Every structure is written in structure tokens, then in C-alpha cells.
$ cat structure.txt   # compact mmCIF, C-alpha atoms
# COMPACT_ATOMS: atom_id res chain seq x y z
CA MET A 1 57.36 146.91 -48.59
CA ASN A 2 58.31 150.02 -46.61
CA TYR A 3 56.73 151.39 -43.43
CA LEU A 4 54.50 153.89 -45.21
CA GLU A 5 53.23 151.33 -47.71
CA GLU A 6 52.36 148.95 -44.87
CA LYS A 7 50.56 151.76 -43.04
CA ILE A 8 48.52 152.56 -46.16
CA LEU A 9 47.47 148.93 -46.48
CA THR A 10 46.43 148.63 -42.82
CA ASP A 11 44.96 152.10 -42.16
CA GLY A 12 44.23 153.73 -45.52
CA LYS A 13 40.70 153.78 -46.89
CA ILE A 14 39.81 153.78 -50.56
CA ILE A 15 36.86 156.13 -51.01
CA ASN A 16 36.47 155.72 -54.76
CA GLU A 17 38.69 154.92 -57.73
CA ASP A 18 40.56 158.20 -57.34
CA ILE A 19 40.69 158.96 -53.63
CA LEU A 20 42.68 157.29 -50.87
CA LYS A 21 41.85 158.53 -47.40
CA VAL A 22 44.83 158.62 -45.03
CA ASP A 23 43.42 160.96 -42.41
CA SER A 24 44.10 158.61 -39.50
CA PHE A 25 47.89 158.88 -39.87
CA LEU A 26 48.90 161.55 -42.40
CA ASN A 27 46.62 164.51 -43.02
CA HIS A 28 44.29 165.04 -40.07
CA GLN A 29 45.55 162.76 -37.34
CA ILE A 30 49.32 162.35 -37.70
CA ASP A 31 51.32 159.30 -36.70
CA PRO A 32 54.82 160.65 -35.94
CA LYS A 33 56.55 157.34 -36.62
CA THR A 34 55.04 157.17 -40.13
CA ILE A 35 56.22 160.74 -40.79
CA ARG A 36 59.75 160.00 -39.60
CA GLU A 37 60.07 156.72 -41.53
CA THR A 38 58.78 158.45 -44.66
CA ALA A 39 61.27 161.29 -44.20
CA LYS A 40 64.12 158.75 -43.90
CA LEU A 41 63.16 157.26 -47.26
CA ILE A 42 63.04 160.70 -48.88
CA VAL A 43 66.46 161.65 -47.48
CA SER A 44 67.94 158.34 -48.67
CA ARG A 45 67.01 159.45 -52.21
CA PHE A 46 67.73 163.18 -51.80
CA PRO A 47 70.41 163.44 -49.09
CA LYS A 48 71.25 167.13 -49.43
CA ALA A 49 69.55 170.46 -50.11
CA ASP A 50 69.76 174.06 -48.96
CA LYS A 51 66.06 174.34 -48.23
CA VAL A 52 62.85 172.31 -48.21
CA LEU A 53 59.80 173.89 -49.83
CA THR A 54 56.30 172.59 -49.19
CA ILE A 55 52.74 173.85 -49.18
CA GLU A 56 50.28 174.07 -46.34
CA THR A 57 48.96 172.01 -44.72
CA SER A 58 49.84 168.34 -44.62
CA GLY A 59 53.22 168.58 -46.31
CA ILE A 60 54.67 170.66 -43.51
CA VAL A 61 55.44 167.94 -40.95
CA ILE A 62 57.03 165.74 -43.61
CA ALA A 63 59.17 168.67 -44.78
CA TYR A 64 60.14 169.37 -41.17
CA ALA A 65 61.14 165.74 -40.56
CA VAL A 66 63.20 165.77 -43.79
CA SER A 67 64.91 168.97 -42.70
CA GLU A 68 65.84 167.51 -39.30
CA LEU A 69 67.50 164.55 -41.04
CA MET A 70 69.40 166.95 -43.33
CA GLY A 71 70.77 168.88 -40.35
CA ASP A 72 68.08 171.49 -39.72
CA ILE A 73 67.99 173.30 -43.05
CA PRO A 74 65.18 175.88 -43.32
CA VAL A 75 61.67 174.76 -44.27
CA VAL A 76 59.42 177.13 -46.19
CA PHE A 77 55.74 176.49 -46.74
CA ALA A 78 53.74 178.24 -49.44
CA LYS A 79 50.60 179.85 -48.04
CA LYS A 80 47.15 179.30 -49.47
CA SER A 81 45.60 182.55 -48.33
CA LYS A 82 46.84 186.01 -47.66
CA SER A 83 47.19 187.15 -44.09
CA ALA A 84 46.30 190.70 -43.17
CA ILE A 85 49.97 191.04 -42.20
CA ASN A 86 51.11 190.50 -45.78
CA ASP A 87 50.22 193.21 -48.27
CA GLY A 88 50.92 190.94 -51.27
CA SER A 89 53.58 193.09 -52.92
CA ASN A 90 56.60 191.11 -51.82
CA VAL A 91 55.54 187.59 -52.68
CA TYR A 92 55.93 185.11 -55.50
CA THR A 93 52.57 183.63 -56.46
CA ALA A 94 51.22 180.63 -58.36
CA GLU A 95 47.72 179.37 -59.15
CA ILE A 96 47.06 175.80 -57.99
CA LYS A 97 44.08 173.59 -58.75
CA SER A 98 43.23 171.20 -55.93
CA PHE A 99 42.31 167.70 -57.06
CA THR A 100 40.29 166.72 -53.97
CA ARG A 101 38.67 170.07 -53.32
CA ASN A 102 37.96 171.02 -56.93
CA THR A 103 39.05 174.60 -56.34
CA VAL A 104 41.73 176.93 -57.67
CA SER A 105 43.76 178.79 -55.09
CA THR A 106 46.54 181.32 -55.16
CA VAL A 107 49.58 180.33 -53.17
CA THR A 108 52.31 182.71 -52.12
CA VAL A 109 55.89 182.61 -50.87
CA ASP A 110 57.59 185.70 -49.52
CA ARG A 111 60.45 186.77 -51.79
CA ARG A 112 62.85 186.77 -48.83
CA PHE A 113 62.59 183.00 -48.58
CA ILE A 114 63.76 181.93 -52.05
CA SER A 115 67.28 182.96 -52.99
CA GLU A 116 69.09 182.84 -56.31
CA GLY A 117 71.00 179.60 -56.81
CA GLU A 118 69.55 177.92 -53.72
CA ASN A 119 69.13 174.14 -54.07
CA ILE A 120 65.56 173.40 -53.10
CA LEU A 121 63.84 170.07 -52.47
CA ILE A 122 60.07 170.16 -52.87
CA VAL A 123 58.15 167.95 -50.44
CA ASP A 124 54.43 167.28 -50.14
CA ASP A 125 52.02 164.69 -48.77
CA PHE A 126 50.40 163.73 -52.11
CA LEU A 127 51.38 163.85 -55.76
CA ALA A 128 48.49 163.26 -58.16
CA GLU A 129 48.07 165.44 -61.25
CA GLY A 130 51.07 167.45 -60.04
CA ASN A 131 49.36 170.82 -59.85
CA ALA A 132 50.71 171.78 -56.42
CA ALA A 133 54.22 170.65 -57.37
CA LEU A 134 54.11 172.58 -60.66
CA GLY A 135 53.05 175.71 -58.77
CA LEU A 136 55.90 175.32 -56.30
CA ILE A 137 58.40 174.70 -59.13
CA ASP A 138 57.16 177.89 -60.76
CA ILE A 139 57.65 179.84 -57.53
CA VAL A 140 61.23 178.53 -57.15
CA LYS A 141 61.95 179.61 -60.75
CA GLN A 142 60.56 183.08 -60.05
CA GLY A 143 63.12 183.32 -57.23
CA LYS A 144 65.89 181.92 -59.49
CA GLY A 145 66.32 178.93 -57.20
CA ASN A 146 67.18 175.43 -58.36
CA VAL A 147 64.71 172.56 -57.82
CA ILE A 148 66.86 169.50 -57.09
CA GLY A 149 63.93 167.10 -56.75
CA MET A 150 60.32 166.49 -55.81
CA SER A 151 59.20 164.03 -53.17
CA ALA A 152 55.67 163.35 -52.04
CA ALA A 153 54.98 160.75 -49.38
CA ILE A 154 52.31 159.14 -51.56
CA GLU A 155 51.80 159.41 -55.30
CA LYS A 156 48.94 158.27 -57.44
CA PHE A 157 51.22 157.50 -60.36
CA PHE A 158 48.33 156.93 -62.76
CA GLN A 159 47.27 160.58 -62.49
CA GLY A 160 50.31 161.76 -64.40
CA GLY A 161 52.04 164.24 -62.08
CA HIS A 162 55.21 162.15 -61.77
CA GLU A 163 55.79 161.99 -65.51
CA LYS A 164 54.96 165.67 -66.03
CA ILE A 165 57.59 166.75 -63.50
CA GLU A 166 60.27 164.32 -64.71
CA ALA A 167 59.73 165.61 -68.24
CA MET A 168 60.94 168.97 -66.90
CA GLY A 169 64.23 167.32 -65.88
CA ILE A 170 63.36 167.21 -62.19
CA PRO A 171 63.85 163.85 -60.43
CA VAL A 172 60.76 162.57 -58.60
CA TYR A 173 60.68 160.05 -55.75
CA CYS A 174 57.65 159.00 -53.72
CA PRO A 175 58.06 156.36 -50.99
CA ALA A 176 54.55 155.03 -51.67
CA SER A 177 53.87 154.92 -55.40
CA ILE A 178 50.34 153.77 -56.18
CA LYS A 179 49.82 152.25 -59.61
CA GLY A 180 46.08 151.91 -59.18
CA PHE A 181 43.19 150.74 -57.03
CA LYS A 182 41.68 147.33 -57.80
CA ASP A 183 38.71 145.75 -55.97
CA LYS A 184 39.06 148.44 -53.26
CA LYS A 185 42.72 147.49 -52.76
CA VAL A 186 45.86 149.53 -53.31
CA ILE A 187 48.27 148.30 -56.00
CA PHE A 188 51.82 149.57 -55.50
CA MET B 1 66.27 183.95 -21.63
CA ASN B 2 65.35 180.79 -23.56
CA TYR B 3 66.13 179.93 -27.18
CA LEU B 4 62.76 181.07 -28.54
CA GLU B 5 62.87 184.39 -26.69
CA GLU B 6 66.36 185.08 -28.07
CA LYS B 7 65.16 184.20 -31.57
CA ILE B 8 62.24 186.62 -31.24
CA LEU B 9 64.58 189.42 -30.19
CA THR B 10 67.00 188.81 -33.06
CA ASP B 11 64.62 187.84 -35.89
CA GLY B 12 61.10 188.95 -34.90
CA LYS B 13 59.66 192.13 -36.32
CA ILE B 14 57.15 194.34 -34.56
CA ILE B 15 54.65 195.53 -37.16
CA ASN B 16 52.48 197.61 -34.85
CA GLU B 17 51.50 197.60 -31.19
CA ASP B 18 49.59 194.34 -31.62
CA ILE B 19 51.42 192.29 -34.22
CA LEU B 20 54.76 190.52 -33.99
CA LYS B 21 55.96 189.04 -37.27
CA VAL B 22 57.88 185.78 -36.89
CA ASP B 23 57.61 184.52 -40.44
CA SER B 24 61.35 184.02 -40.87
CA PHE B 25 61.47 181.20 -38.29
CA LEU B 26 58.00 180.13 -37.15
CA ASN B 27 55.05 180.55 -39.49
CA HIS B 28 56.19 180.80 -43.09
CA GLN B 29 59.86 179.89 -43.05
CA ILE B 30 60.51 177.43 -40.22
CA ASP B 31 63.75 177.09 -38.29
CA PRO B 32 63.75 173.46 -37.08
CA LYS B 33 66.04 174.16 -34.12
CA THR B 34 63.67 176.83 -32.81
CA ILE B 35 60.76 174.40 -33.12
CA ARG B 36 62.63 171.65 -31.27
CA GLU B 37 63.89 173.90 -28.47
CA THR B 38 60.37 175.29 -28.03
CA ALA B 39 58.92 171.77 -27.89
CA LYS B 40 61.45 170.83 -25.19
CA LEU B 41 60.25 173.72 -23.04
CA ILE B 42 56.60 172.72 -23.54
CA VAL B 43 57.33 169.10 -22.60
CA SER B 44 59.25 170.19 -19.51
CA ARG B 45 56.00 171.80 -18.30
CA PHE B 46 53.58 169.16 -19.66
CA PRO B 47 55.55 165.88 -19.77
CA LYS B 48 52.71 163.50 -20.55
CA ALA B 49 49.51 163.33 -22.61
CA ASP B 50 47.59 160.83 -24.72
CA LYS B 51 47.29 163.15 -27.70
CA VAL B 52 48.33 166.59 -28.94
CA LEU B 53 45.64 168.74 -30.54
CA THR B 54 46.49 171.77 -32.67
CA ILE B 55 45.02 173.76 -35.52
CA GLU B 56 46.32 174.30 -39.00
CA THR B 57 48.70 175.65 -40.04
CA SER B 58 51.64 176.85 -37.99
CA GLY B 59 50.88 174.91 -34.82
CA ILE B 60 51.37 171.57 -36.53
CA VAL B 61 55.17 171.34 -36.52
CA ILE B 62 55.34 172.39 -32.89
CA ALA B 63 52.71 169.79 -31.98
CA TYR B 64 54.67 167.19 -33.95
CA ALA B 65 57.94 168.05 -32.16
CA VAL B 66 56.14 167.85 -28.79
CA SER B 67 54.71 164.46 -29.72
CA GLU B 68 58.14 163.10 -30.67
CA LEU B 69 59.49 164.10 -27.24
CA MET B 70 56.50 162.41 -25.56
CA GLY B 71 57.18 159.14 -27.38
CA ASP B 72 55.24 159.54 -30.62
CA ILE B 73 51.72 160.08 -29.32
CA PRO B 74 49.18 160.96 -32.04
CA VAL B 75 48.88 164.56 -33.23
CA VAL B 76 45.52 165.83 -34.46
CA PHE B 77 45.07 169.13 -36.24
CA ALA B 78 41.72 170.86 -36.54
CA LYS B 79 40.93 171.79 -40.13
CA LYS B 80 39.88 175.23 -41.23
CA SER B 81 37.97 174.25 -44.35
CA LYS B 82 36.01 171.25 -45.42
CA SER B 83 37.53 168.92 -47.97
CA ALA B 84 35.31 167.35 -50.61
CA ILE B 85 36.24 164.04 -48.97
CA ASN B 86 34.50 164.99 -45.73
CA ASP B 87 30.73 165.34 -45.82
CA GLY B 88 30.61 167.20 -42.50
CA SER B 89 28.36 164.79 -40.65
CA ASN B 90 31.00 163.09 -38.56
CA VAL B 91 32.91 166.05 -37.22
CA TYR B 92 33.01 168.22 -34.14
CA THR B 93 32.97 171.90 -35.08
CA ALA B 94 33.79 175.25 -33.49
CA GLU B 95 33.68 178.84 -34.72
CA ILE B 96 37.00 180.67 -34.38
CA LYS B 97 37.70 184.35 -34.88
CA SER B 98 41.18 185.06 -36.23
CA PHE B 99 42.91 188.00 -34.63
CA THR B 100 45.34 188.74 -37.48
CA ARG B 101 43.00 187.95 -40.37
CA ASN B 102 39.86 189.50 -38.91
CA THR B 103 37.72 186.60 -40.11
CA VAL B 104 35.54 183.96 -38.51
CA SER B 105 36.14 180.40 -39.64
CA THR B 106 34.62 177.05 -38.86
CA VAL B 107 37.12 174.45 -37.74
CA THR B 108 36.43 170.75 -37.64
CA VAL B 109 37.85 167.60 -36.07
CA ASP B 110 36.68 164.17 -37.12
CA ARG B 111 34.84 162.43 -34.26
CA ARG B 112 37.12 159.40 -34.58
CA PHE B 113 40.07 161.43 -33.34
CA ILE B 114 38.80 162.57 -29.94
CA SER B 115 37.95 159.79 -27.50
CA GLU B 116 36.17 159.90 -24.16
CA GLY B 117 38.56 160.33 -21.23
CA GLU B 118 41.60 161.01 -23.45
CA ASN B 119 44.13 163.41 -21.92
CA ILE B 120 44.77 166.06 -24.53
CA LEU B 121 47.40 168.80 -24.64
CA ILE B 122 46.50 171.74 -26.87
CA VAL B 123 49.45 173.29 -28.73
CA ASP B 124 49.57 176.28 -31.05
CA ASP B 125 52.01 178.85 -32.39
CA PHE B 126 50.32 181.94 -30.91
CA LEU B 127 48.02 182.70 -28.00
CA ALA B 128 46.48 186.16 -28.11
CA GLU B 129 42.79 186.65 -27.31
CA GLY B 130 42.51 182.88 -26.99
CA ASN B 131 39.86 182.32 -29.64
CA ALA B 132 41.57 179.39 -31.35
CA ALA B 133 42.34 177.74 -28.01
CA LEU B 134 38.75 178.20 -26.79
CA GLY B 135 37.47 176.61 -29.99
CA LEU B 136 39.80 173.62 -29.55
CA ILE B 137 38.81 173.26 -25.88
CA ASP B 138 35.18 173.23 -26.97
CA ILE B 139 35.90 170.51 -29.52
CA VAL B 140 37.65 168.35 -26.90
CA LYS B 141 34.64 168.76 -24.61
CA GLN B 142 32.28 167.71 -27.40
CA GLY B 143 34.31 164.50 -27.64
CA LYS B 144 34.31 164.10 -23.82
CA GLY B 145 38.09 164.36 -23.75
CA ASN B 146 40.10 166.00 -20.98
CA VAL B 147 42.21 169.10 -21.72
CA ILE B 148 45.30 168.78 -19.51
CA GLY B 149 46.87 172.05 -20.62
CA MET B 150 47.38 174.67 -23.30
CA SER B 151 50.76 175.66 -24.66
CA ALA B 152 51.46 178.18 -27.39
CA ALA B 153 55.02 178.93 -28.44
CA ILE B 154 54.41 182.67 -28.10
CA GLU B 155 51.71 184.47 -26.16
CA LYS B 156 50.74 188.11 -26.17
CA PHE B 157 49.77 188.01 -22.50
CA PHE B 158 48.21 191.48 -22.60
CA GLN B 159 45.49 190.29 -24.99
CA GLY B 160 43.82 188.19 -22.30
CA GLY B 161 43.75 184.65 -23.71
CA HIS B 162 46.00 183.22 -21.00
CA GLU B 163 43.77 184.44 -18.15
CA LYS B 164 40.57 183.39 -19.90
CA ILE B 165 41.79 179.80 -20.27
CA GLU B 166 43.26 179.57 -16.77
CA ALA B 167 39.91 180.77 -15.40
CA MET B 168 38.45 177.58 -16.87
CA GLY B 169 40.83 175.55 -14.71
CA ILE B 170 43.19 174.70 -17.58
CA PRO B 171 46.91 175.33 -16.98
CA VAL B 172 48.58 177.54 -19.60
CA TYR B 173 52.30 177.70 -20.40
CA CYS B 174 53.93 179.66 -23.22
CA PRO B 175 57.73 179.56 -23.59
CA ALA B 176 57.75 183.16 -24.87
CA SER B 177 55.32 185.29 -22.89
CA ILE B 178 55.13 188.83 -24.18
CA LYS B 179 53.96 191.45 -21.69
CA GLY B 180 53.92 194.22 -24.25
CA PHE B 181 55.75 196.12 -26.97
CA LYS B 182 57.59 199.30 -26.01
CA ASP B 183 59.49 201.56 -28.43
CA LYS B 184 59.30 198.81 -31.07
CA LYS B 185 60.88 196.35 -28.62
CA VAL B 186 59.46 193.17 -27.11
CA ILE B 187 59.02 193.13 -23.33
CA PHE B 188 58.94 189.59 -21.86
$ encode --input "structure.txt" --output "C-alpha cells"
Amino acid sequence: MNYLEEKILTDGKIINEDILKVDSFLNHQIDPKTIRETAKLIVSRFPKADKVLTIETSGIVIAYAVSELMGDIPVVFAKKSKSAINDGSNVYTAEIKSFTRNTVSTVTVDRRFISEGENILIVDDFLAEGNAALGLIDIVKQGKGNVIGMSAAIEKFFQGGHEKIEAMGIPVYCPASIKGFKDKKVIF
Amino acid sequence: MNYLEEKILTDGKIINEDILKVDSFLNHQIDPKTIRETAKLIVSRFPKADKVLTIETSGIVIAYAVSELMGDIPVVFAKKSKSAINDGSNVYTAEIKSFTRNTVSTVTVDRRFISEGENILIVDDFLAEGNAALGLIDIVKQGKGNVIGMSAAIEKFFQGGHEKIEAMGIPVYCPASIKGFKDKKVIF
């Protein structure tokens, strides 16, 4: 059992049959050691990329830690709302449905930050139905980049995202792969 | 001139007399070296804390890098919107006006993540009028924590946030302190 899996067992909370709450160490309060150990696992599977692409908010620190281990490659995070600074004309966009929030949001990446032929690793905190990942993959394609893999810290394998992305020929690796919840316990 | 100041001069873009765009290295695409060098400067001024508090989105990586240098203390980020997971009853809240977006948003921190007597360093990407920082200070006070200092990577000193916070007895340090923009150039 790896560091992240142990942390989930000790500090994660199962809210219902679909939702695991990890806000004490991953997506509200952050435990730096858990982030770093998770990044090490991701880099052991995907050792090399030109860029890490993630989406705000909780994927960003993991993407940053991955980048540090890869020798400080650039990290880009897709934005969920438009700033007054950005007039919207120079961005790639995708529509993403949020599983936990039950909303659809438009995410954007400035065209300057995806280049043709760039090898891009997609990183996030959670992989469930795969909607965020599919949106990011679409954005990379719009910029003619090459998605070399997708890694979320935690996946709920039973929600189908993993298989959907692999069916597109993109390798998927998640350090904590949850097969299901049984009697309020996590089954890896 | 420090690493961040040099980066601002080479890669920052002045949009108008109020707005400096740093999205190629700080708040859309992230340059890990700039983050780490900035964190080193912050820790040289504030070497010790029990916790780092920031606000989503762009402050999080800086807060994380600061935490690593302080020995992996917990990082907490205030959230700008409520997740379906959180019913709102167990959070501290503050209203924050965004300078660049011209909006008012409610930010929340779960009560579990601010403890009485905890020494908390507030970290963010930008300090301008100080609205985000004042909201975070208010949240720490609600939790009876102790704000030991406020550090933003970049401050627009002329917009008054720095002086407002120091007047409350809280030390402020920003590695890149901008006095103004003149002829489309940054004056530190």
C-alpha cells in the first residue's frame, strides 16, 4: 500500500456510496508530504513530458510537484471562469460537467500555452467519470499537442473515466485506484 | 534585483495603469523555478509558522512551496464557491471583492482547519487593495488564530493594501513590490 492509499484509509471520509472526502489533506487543507509522495508515484509511471496540464483548483499543487520532479517543466492550469483581463478570443475552451457540484462549466486555456507537437501529461486530483480529463484532452487536441498520459491522484475506477480515456489510446495511472466503497470502507 | 523581479521585467505585461499580466509564469502557466525562488524570499522574512493560509487559485502553489521550506506544515486554501459536499454550516466565511474581476465573492474555510492560538502566515499571488488578505485575516480571527504576517509574491504598493494591513499590526512582505507603472514599465 502506498503513502496516498494509507492516508486515504486513515484520514479520508466516505460521505456516501459515491463521494470520498479528502479535504483534510488534498483539496482544502493540503498535506505537502502526501502531495510529494503522490507526485513521485506519478513520475515513476510517466517520467518525462514537456508540460503538465491541470485544472483549477486542487490539481495544481500535484501538477507543480510532478513538474519539480521532472526538472521544472512548465505547468499550465485550465481556468474555470473568465477574468476581466482575458477577452476570450485567444483561448481554447471545453465544457466540463462537475460530478460533485452538479454543474457545467466552461474551462479555458490561453492559446499561447499549448504548442503543436508538445508532449503533455494531464494531472488532476480526482478521476471519476472523466469529464474534466476529457475536456483537457480536447483542449490539448485543439492546440495540436500530444497527450502522453493522464494521472489523477485518486480515481474512482467504478465510475468509468479510466476506461473511457484508455479507449482513446491514452495511458492512465492513478496512485490510489478505488474499486468501490463497502460498509463505509474504501476498497482499492 | 531578485529572481521574481527580473522575471516580471522580462515576461510580465502591463495591460493598463493598474494591471500587470503575469500569466506566462505565475497565474495560468506556472514557472516552478519562479515559484520556488519566491517562496525562498518569503521564508527568509517569515521563517516559521504553524500553518499557511491562502486563497484559490494562484496563491496555492506559492503557499505549498513556502510550506515545503518550513518543513511541510499544513497549507489551507479558502474556497471561492461552495461544493455540494459542504453544507455551509461548519465554515468560517468572508466577503471578498476582486480587483481584476470586479465581483464580490464569498470565501469559506472549514472550521476544522483554523485552531485557536495557531500561528498562521497568509500567502497570496497578488496584494493590491488588500481585499483578499483582509478577508483571510477576518477568517483567522473567527477561528481565534494568530496572523503572524502577510506575504504576496507581487504587490501593487500604490493601491494601499500593504499599508492597510500593516496598520492592523500585521507585518507585510512582498518579494516584488511595485511602486507604479511608468511609460509601460514597472517601477520597483
$ interface_residues --input "structure.txt" --of "chain A" --to "chain B" --cutoff "6 Å" --atoms "all atoms listed in the file" --output "short mmCIF file (atom, residue, chain, number, x, y, z; two decimals) with C-alpha atoms, in the coordinates of the input"
data_model
loop_
_atom_site.label_atom_id
_atom_site.label_comp_id
_atom_site.auth_asym_id
_atom_site.auth_seq_id
_atom_site.Cartn_x
_atom_site.Cartn_y
_atom_site.Cartn_z
CA HIS A 28 44.29 165.04 -40.07
CA GLN A 29 45.55 162.76 -37.34
CA ILE A 30 49.32 162.35 -37.70
CA ASP A 31 51.32 159.30 -36.70
CA PRO A 32 54.82 160.65 -35.94
CA THR A 57 48.96 172.01 -44.72
CA VAL A 61 55.44 167.94 -40.95
CA ASP A 72 68.08 171.49 -39.72
CA PRO A 74 65.18 175.88 -43.32
CA VAL A 75 61.67 174.76 -44.27
CA VAL A 76 59.42 177.13 -46.19
CA PHE A 77 55.74 176.49 -46.74
CA SER A 83 47.19 187.15 -44.09
CA ALA A 84 46.30 190.70 -43.17
CA ARG A 101 38.67 170.07 -53.32
#
$ axis_aligned_box --input "structure.txt" --around "range 149-158 of chain A" --padding-each-side "4 Å" --output "lines of an AutoDock Vina configuration file"
center_x = 56.1
center_y = 162.0
center_z = -56.1
size_x = 23.6
size_y = 18.2
size_z = 21.4
$ atom_distance --input "structure.txt" --atom1 "CA of Thr108 in chain B" --atom2 "CA of Ala133 in chain B"
13.3 Å
$ residues_around --input "structure.txt" --residues "Leu9 in chain B" --least-positions-apart "5" --cutoff "10 Å" --atoms "all atoms listed in the file" --output "PyMOL selection string"
chain B and resi 4+14+185-187
$ atom_distance --input "structure.txt" --atom1 "CA of Lys179 in chain A" --atom2 "CA of Glu163 in chain A"
12.9 Å
